[in-house]
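Chemist: Pasting a structure below so you can have a look.
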Amino acid sequence: MTISEKIRLTRQQKNISQGELAQLSGINTKTLSRYELGASIPPADALKSIADALGVTADYLISD
């Protein structure tokens, strides 16, 4: 599973909208959408912010 798939799946499992995750993580909604679509890969600081907002570790999001 890719990072983008893990972000999207984890967000959906926690019933958080993209807009809510963007607000919680401090990342622009369009940028977050690009991460979820796999159009770009989040840098380490953004990945950490997303993981914190989702209540998981960054390692979880990057592991297979």
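The chains in the structure tokens are called A, B, ... from first to last as shown; in each chain the residues are counted from 1, and the ligands are counted from 1 in the order shown.
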Which of chain A counts as alpha helix (DSSP H) under DSSP, as a ChimeraX atom specification please?
Modeler: /A:3-13,18-25,29-37,44-54,58-62
Chemist: Just how far from CA of Ala51 (chain A) is CA of Glu5 (chain A), in Å to one decimal?
Modeler: 13.3 Å
Chemist: Could you jot down the CA of Thr31 (chain A) to CA of Arg8 (chain A) separation for me, Å, one decimal place?
Modeler: 13.2 Å
Chemist: I need the residue nearest Ser49 (chain A) from this list: A:Ser63, A:Leu37, A:Ser4, A:Ile27. Use only C-alpha atoms for the distance.
Modeler: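 Answer, going by the shortest atom-to-atom distance: A:Ile27.
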Chemist: Please determine, counting only C-alpha atoms, which residue among A:Leu9, A:Ile16, A:Ile3, A:Leu21 has the shortest atom-to-atom distance to Ile50 (chain A).
Modeler: A:Leu21
Chemist: Could you check which of A:Met1, A:Ala53, A:Ala44, A:Ala39 is closest to Gln18 (chain A), using only C-alpha atoms?
Modeler: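 Between A:Met1, A:Ala53, A:Ala44, A:Ala39, the residue approaching Gln18 (chain A) most closely is A:Ala53.
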